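Asker: Below is the file my_file.txt, which contains compact mmCIF, C-alpha atoms and all ligand atoms.
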```
# COMPACT_ATOMS: atom_id res chain seq x y z
CA MET A 1 -40.63 -0.61 -21.09
CA GLU A 2 -41.11 2.00 -18.40
CA HIS A 3 -39.59 -0.43 -15.86
CA GLN A 4 -36.52 -1.01 -18.02
CA GLN A 5 -35.80 2.65 -18.36
CA VAL A 6 -36.18 3.64 -14.68
CA GLY A 7 -32.85 4.37 -12.98
CA ASN A 8 -29.31 4.29 -14.29
CA ASN A 9 -28.65 0.70 -13.39
CA SER A 10 -31.64 -0.98 -14.93
CA VAL A 11 -30.23 -1.08 -18.47
CA SER A 12 -27.26 -3.38 -18.88
CA LYS A 13 -24.08 -1.76 -20.21
CA THR A 14 -21.17 -3.26 -22.08
CA VAL A 15 -17.88 -2.28 -20.47
CA LEU A 16 -14.34 -2.75 -21.79
CA VAL A 17 -11.18 -2.40 -19.74
CA VAL A 18 -8.13 -1.76 -21.92
CA ALA A 19 -4.95 -2.41 -19.97
CA ALA A 20 -1.30 -2.88 -20.84
CA HIS A 21 -0.69 -5.86 -18.54
CA THR A 22 -2.71 -8.35 -16.56
CA ASP A 23 -2.89 -6.99 -12.97
CA ASP A 24 -3.46 -3.39 -14.17
CA GLU A 25 -7.20 -4.08 -14.47
CA ALA A 26 -7.41 -5.22 -10.84
CA LEU A 27 -5.16 -2.44 -9.53
CA GLY A 28 -6.84 0.29 -11.56
CA CYS A 29 -10.50 -0.62 -11.52
CA GLY A 30 -11.03 -4.04 -9.92
CA GLY A 31 -13.69 -2.74 -7.55
CA THR A 32 -15.47 -0.88 -10.33
CA ILE A 33 -15.45 -4.03 -12.49
CA ALA A 34 -17.02 -6.01 -9.63
CA ARG A 35 -19.60 -3.26 -9.16
CA HIS A 36 -20.51 -3.24 -12.87
CA VAL A 37 -20.89 -7.04 -12.80
CA ALA A 38 -23.07 -6.85 -9.67
CA GLN A 39 -25.28 -4.35 -11.50
CA GLY A 40 -25.75 -6.74 -14.41
CA ASP A 41 -23.31 -5.10 -16.82
CA ILE A 42 -21.06 -7.22 -19.05
CA VAL A 43 -17.36 -6.50 -18.58
CA TYR A 44 -14.65 -7.48 -21.07
CA ALA A 45 -10.92 -6.86 -20.79
CA VAL A 46 -8.18 -6.55 -23.37
CA PHE A 47 -4.45 -6.68 -22.60
CA LEU A 48 -1.89 -5.31 -24.99
CA ALA A 49 1.34 -6.86 -23.62
CA ASP A 50 2.04 -9.86 -21.41
CA GLY A 51 3.76 -8.18 -18.46
CA VAL A 52 6.42 -10.87 -18.21
CA THR A 53 8.69 -11.28 -21.21
CA SER A 54 10.65 -8.03 -20.71
CA ARG A 55 12.08 -9.41 -17.47
CA LEU A 56 15.60 -10.73 -17.45
CA GLY A 57 15.50 -14.53 -17.60
CA ALA A 58 11.74 -14.71 -18.02
CA ASN A 59 10.58 -18.06 -19.33
CA ALA A 60 7.47 -19.77 -20.65
CA GLU A 61 6.64 -21.08 -17.20
CA GLU A 62 6.44 -17.54 -15.77
CA LEU A 63 4.15 -16.47 -18.59
CA GLU A 64 1.95 -19.48 -17.89
CA GLN A 65 1.83 -18.56 -14.19
CA ARG A 66 0.93 -14.98 -15.02
CA ASN A 67 -1.86 -16.09 -17.35
CA ALA A 68 -3.19 -18.52 -14.72
CA ALA A 69 -3.19 -15.71 -12.13
CA ALA A 70 -5.08 -13.48 -14.56
CA ALA A 71 -7.66 -16.19 -15.26
CA GLU A 72 -8.25 -16.57 -11.52
CA ALA A 73 -8.46 -12.79 -10.97
CA HIS A 74 -10.92 -12.43 -13.84
CA ARG A 75 -13.07 -15.23 -12.46
CA ILE A 76 -13.14 -13.43 -9.07
CA LEU A 77 -14.00 -10.08 -10.66
CA GLY A 78 -16.61 -11.57 -13.00
CA ILE A 79 -14.98 -10.55 -16.29
CA GLU A 80 -16.86 -12.17 -19.18
CA LYS A 81 -13.92 -12.63 -21.56
CA SER A 82 -10.34 -11.41 -21.89
CA TYR A 83 -8.39 -10.70 -25.07
CA MET A 84 -4.58 -10.91 -25.20
CA LEU A 85 -3.11 -8.90 -28.07
CA GLY A 86 0.49 -10.05 -27.50
CA PHE A 87 2.50 -6.87 -28.12
CA PRO A 88 6.11 -6.83 -26.78
CA ASP A 89 6.21 -6.25 -23.05
CA ASN A 90 7.66 -2.93 -21.84
CA ARG A 91 8.62 -2.18 -25.43
CA MET A 92 5.31 -0.97 -26.76
CA ASP A 93 6.99 2.26 -27.79
CA SER A 94 8.83 0.12 -30.39
CA VAL A 95 5.57 -0.88 -32.10
CA SER A 96 3.83 1.37 -34.56
CA LEU A 97 0.80 3.03 -32.94
CA LEU A 98 -1.20 2.19 -36.04
CA ASP A 99 -0.62 -1.57 -35.53
CA ILE A 100 -1.85 -1.32 -31.94
CA VAL A 101 -4.84 0.82 -32.88
CA GLN A 102 -5.90 -1.54 -35.66
CA LYS A 103 -5.81 -4.61 -33.39
CA LEU A 104 -7.71 -2.71 -30.72
CA GLU A 105 -10.30 -1.57 -33.25
CA GLY A 106 -10.92 -5.23 -34.08
CA VAL A 107 -11.87 -5.89 -30.43
CA LEU A 108 -13.96 -2.71 -30.22
CA ASN A 109 -15.89 -3.69 -33.35
CA GLU A 110 -16.62 -7.10 -31.90
CA ILE A 111 -17.71 -5.93 -28.43
CA LYS A 112 -19.17 -2.48 -29.16
CA PRO A 113 -18.69 -1.20 -25.60
CA GLN A 114 -20.38 1.87 -24.17
CA VAL A 115 -17.92 2.39 -21.32
CA ILE A 116 -14.11 2.21 -21.48
CA TYR A 117 -11.59 2.18 -18.64
CA THR A 118 -7.90 2.55 -19.45
CA HIS A 119 -4.55 3.90 -18.27
CA HIS A 120 -3.68 7.45 -17.37
CA VAL A 121 -1.60 9.21 -20.03
CA GLY A 122 1.11 10.30 -17.57
CA ASP A 123 2.12 6.93 -16.06
CA LEU A 124 5.81 6.08 -15.63
CA ASN A 125 5.35 2.78 -17.47
CA VAL A 126 5.76 3.23 -21.21
CA ASP A 127 3.24 0.50 -22.08
CA HIS A 128 0.61 2.33 -20.01
CA ARG A 129 1.21 5.60 -21.88
CA VAL A 130 1.08 3.91 -25.27
CA THR A 131 -2.11 2.08 -24.27
CA HIS A 132 -3.78 5.37 -23.36
CA GLN A 133 -2.83 6.87 -26.70
CA ALA A 134 -3.99 3.81 -28.62
CA VAL A 135 -7.34 3.88 -26.81
CA LEU A 136 -7.92 7.56 -27.54
CA THR A 137 -7.14 6.95 -31.19
CA ALA A 138 -9.20 3.77 -31.53
CA CYS A 139 -12.11 5.39 -29.66
CA ARG A 140 -12.33 8.54 -31.78
CA PRO A 141 -15.86 9.94 -31.47
CA VAL A 142 -16.87 9.29 -35.06
CA PRO A 143 -20.57 9.16 -35.99
CA GLY A 144 -22.16 5.90 -34.93
CA SER A 145 -19.51 5.06 -32.30
CA SER A 146 -20.86 2.90 -29.45
CA ILE A 147 -18.53 4.52 -26.91
CA LYS A 148 -20.14 7.03 -24.57
CA GLU A 149 -17.71 7.17 -21.64
CA ILE A 150 -13.92 6.91 -21.30
CA TYR A 151 -12.21 6.95 -17.90
CA ALA A 152 -8.51 6.80 -16.99
CA PHE A 153 -7.51 4.92 -13.84
CA GLU A 154 -4.51 5.11 -11.53
CA VAL A 155 -2.13 2.19 -10.99
CA LEU A 156 0.00 2.04 -7.86
CA SER A 157 3.74 2.12 -8.68
CA ALA A 158 3.11 3.56 -12.15
CA THR A 159 0.86 6.62 -11.84
CA GLU A 160 2.33 8.16 -8.70
CA TRP A 161 5.91 7.27 -9.67
CA SER A 162 5.92 9.51 -12.73
CA THR A 163 7.58 12.92 -13.07
CA PRO A 164 5.63 15.38 -10.93
CA GLY A 165 3.82 18.08 -12.82
CA ILE A 166 4.17 16.72 -16.37
CA ALA A 167 0.77 15.01 -16.63
CA PRO A 168 -0.61 14.75 -13.09
CA PHE A 169 -3.45 12.35 -12.38
CA ILE A 170 -6.36 14.57 -11.37
CA PRO A 171 -9.29 12.43 -10.28
CA ASN A 172 -12.74 13.84 -10.90
CA VAL A 173 -14.90 10.71 -10.87
CA PHE A 174 -15.16 8.55 -7.76
CA VAL A 175 -16.83 5.13 -7.86
CA ASP A 176 -18.08 3.81 -4.51
CA ILE A 177 -16.56 0.34 -4.13
CA SER A 178 -17.28 -0.01 -0.39
CA GLY A 179 -19.20 -3.22 -1.12
CA HIS A 180 -16.62 -4.52 -3.62
CA LEU A 181 -13.24 -3.71 -2.06
CA GLU A 182 -12.73 -7.22 -0.66
CA ILE A 183 -13.34 -8.71 -4.13
CA LYS A 184 -10.74 -6.32 -5.58
CA LEU A 185 -8.20 -7.29 -2.93
CA LYS A 186 -8.92 -10.98 -3.49
CA ALA A 187 -8.32 -10.54 -7.21
CA LEU A 188 -5.06 -8.74 -6.42
CA ALA A 189 -4.03 -11.59 -4.13
CA SER A 190 -4.20 -13.97 -7.09
CA TYR A 191 -1.41 -11.86 -8.63
CA GLU A 192 0.90 -12.75 -5.75
CA LEU A 193 3.99 -12.74 -8.01
CA GLU A 194 3.29 -9.13 -9.05
CA MET A 195 2.33 -7.77 -5.65
CA ARG A 196 5.02 -6.67 -3.20
CA ASP A 197 5.30 -6.33 0.56
CA GLU A 198 4.94 -2.98 2.29
CA PRO A 199 6.39 -0.41 2.18
CA HIS A 200 6.49 -1.05 -1.59
CA SER A 201 3.71 0.96 -3.18
CA ARG A 202 2.21 -2.04 -5.02
CA SER A 203 1.07 -3.98 -1.94
CA ILE A 204 -2.34 -5.30 -0.95
CA ALA A 205 -2.25 -3.10 2.15
CA ASN A 206 -1.51 0.02 0.12
CA SER A 207 -4.28 -0.87 -2.36
CA ARG A 208 -6.68 -0.92 0.59
CA ARG A 209 -5.30 2.40 1.85
CA LEU A 210 -5.65 4.04 -1.57
CA ALA A 211 -9.27 2.86 -1.84
CA GLU A 212 -9.96 4.24 1.65
CA LEU A 213 -8.21 7.52 0.86
CA ARG A 214 -10.18 7.97 -2.37
CA GLY A 215 -13.39 7.00 -0.58
CA ASN A 216 -12.82 9.18 2.47
CA SER A 217 -12.08 12.10 0.14
CA CYS A 218 -15.77 12.07 -0.67
CA GLY A 219 -17.24 10.83 2.58
CA ILE A 220 -17.54 7.10 1.88
CA ASN A 221 -15.58 4.04 2.99
CA ALA A 222 -13.84 3.07 -0.25
CA ALA A 223 -13.65 4.31 -3.82
CA GLU A 224 -11.69 4.04 -7.03
CA ALA A 225 -10.80 7.36 -8.58
CA PHE A 226 -10.77 8.14 -12.29
CA SER A 227 -9.92 11.00 -14.52
CA LEU A 228 -12.79 11.51 -16.95
CA VAL A 229 -11.56 11.65 -20.54
CA ARG A 230 -14.95 12.03 -22.22
CA LYS A 231 -18.60 11.42 -21.46
CA LEU A 232 -21.44 11.74 -23.93
CA CYS A 233 -24.98 11.64 -22.56
ZN ZN B 301 1.12 -2.35 -16.16
```
What's the structure tokens form of this structure?
Ligand SMILES: [Zn+2]

Answerer:
Amino acid sequence: MEHQQVGNNSVSKTVLVVAAHTDDEALGCGGTIARHVAQGDIVYAVFLADGVTSRLGANAEELEQRNAAAAEAHRILGIEKSYMLGFPDNRMDSVSLLDIVQKLEGVLNEIKPQVIYTHHVGDLNVDHRVTHQAVLTACRPVPGSSIKEIYAFEVLSATEWSTPGIAPFIPNVFVDISGHLEIKLKALASYELEMRDEPHSRSIANSRRLAELRGNSCGINAAEAFSLVRKLC
């Protein structure tokens, strides 16, 4: 028993990433997911909308391609299982929050995660904002809750594109992903239909730069930055 309890990483954690769309998990915390998996933690992901059907002329084939890209990205990152909740893409503000919360609670009850990663409340994308709100509601700190930590991540082309000053992303947790950055970028590369060429913000090159910027901000090669919502220890 004494061996199991020594050090933070010796006890396996259950981690859940709650994202609006497939690709947000890789953009927001792909390196951190890979790091958790390397440490022996179990990582699940749940996606609230499909990321495709709001586009003009989107068809079943595109949705299939997006889901295939996600499956490949999740294999690369080492995600154990993904849940697709199927809410309307880019129209999540048209769904009652209660419906979203109840579906999310079903997943939480099944997985019983200790650590949650989700969107920042101030993102430009409406699905991201609704996801954050649904997570905070579904993860209320009621007695007996399994959830000990909730972190909000940043997503290129959604977090920094929002109105300045309304709900700025203020990172205060930095996860060293120096040994996992290439895995993150490989997962992002599987989303080739979502990624753009420079100088668009959502490029592979800019994802590398952001990781280096966040890392160099605290004297390491690469990091993902989070805004801590709540931590109980
Ligand atoms: Zn998104």

Asker: Env of Ala38 of chain A: 12 Å cut, atoms = only C-alpha atoms, seq-sep filter 2 positions within chain, self excluded. Answer as a PyMOL selection string.

Answerer: chain A and resi 9-10+12-13+31-36+40-43+76-79+177+179-180+183

Asker: Which of these, A:Ile150, A:Ile116, A:Val155, A:Ala205, has the shortest distance to ligand ZN 301 (chain B) once you count only C-alpha atoms and all ligand atoms?

Answerer: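 Closest residue, counting only C-alpha atoms and all ligand atoms: A:Val155.
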
Asker: Name the closest residue to His128 of chain A among the candidates A:Glu149, A:Glu110, A:Asp50, A:Asp24; distances are taken between atoms, counting all atoms listed in the file.

Answerer: A:Asp24

Asker: Distance limit 7 Å, reference ligand ZN 301 (chain B), atoms considered: all atoms listed in the file. Which residues make the cut? Give them as a PDB file with C-alpha atoms, keeping the file's coordinate frame.

Answerer:
```pdb
ATOM      1  CA  ALA A  20      -1.300  -2.880 -20.840  1.00  0.00           C
ATOM      2  CA  HIS A  21      -0.690  -5.860 -18.540  1.00  0.00           C
ATOM      3  CA  ASP A  23      -2.890  -6.990 -12.970  1.00  0.00           C
ATOM      4  CA  ASP A  24      -3.460  -3.390 -14.170  1.00  0.00           C
ATOM      5  CA  GLY A  51       3.760  -8.180 -18.460  1.00  0.00           C
ATOM      6  CA  ASN A 125       5.350   2.780 -17.470  1.00  0.00           C
ATOM      7  CA  ASP A 127       3.240   0.500 -22.080  1.00  0.00           C
ATOM      8  CA  HIS A 128       0.610   2.330 -20.010  1.00  0.00           C
TER       9      HIS A 128
END
```

Asker: Let me make sure I understand: among A:Ser203, A:Met84, A:Tyr191, A:Thr159, which one has the smallest atom-to-atom distance to Phe226 of chain A if we use all atoms listed in the file?

Answerer: A:Thr159

Asker: Please, what distance in Å, to one decimal, runs between atom CA of Glu198 of chain A and atom CA of Ala211 of chain A?

Answerer: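 Computed distance, atom CA of Glu198 of chain A to atom CA of Ala211 of chain A, equals 15.9 Å.
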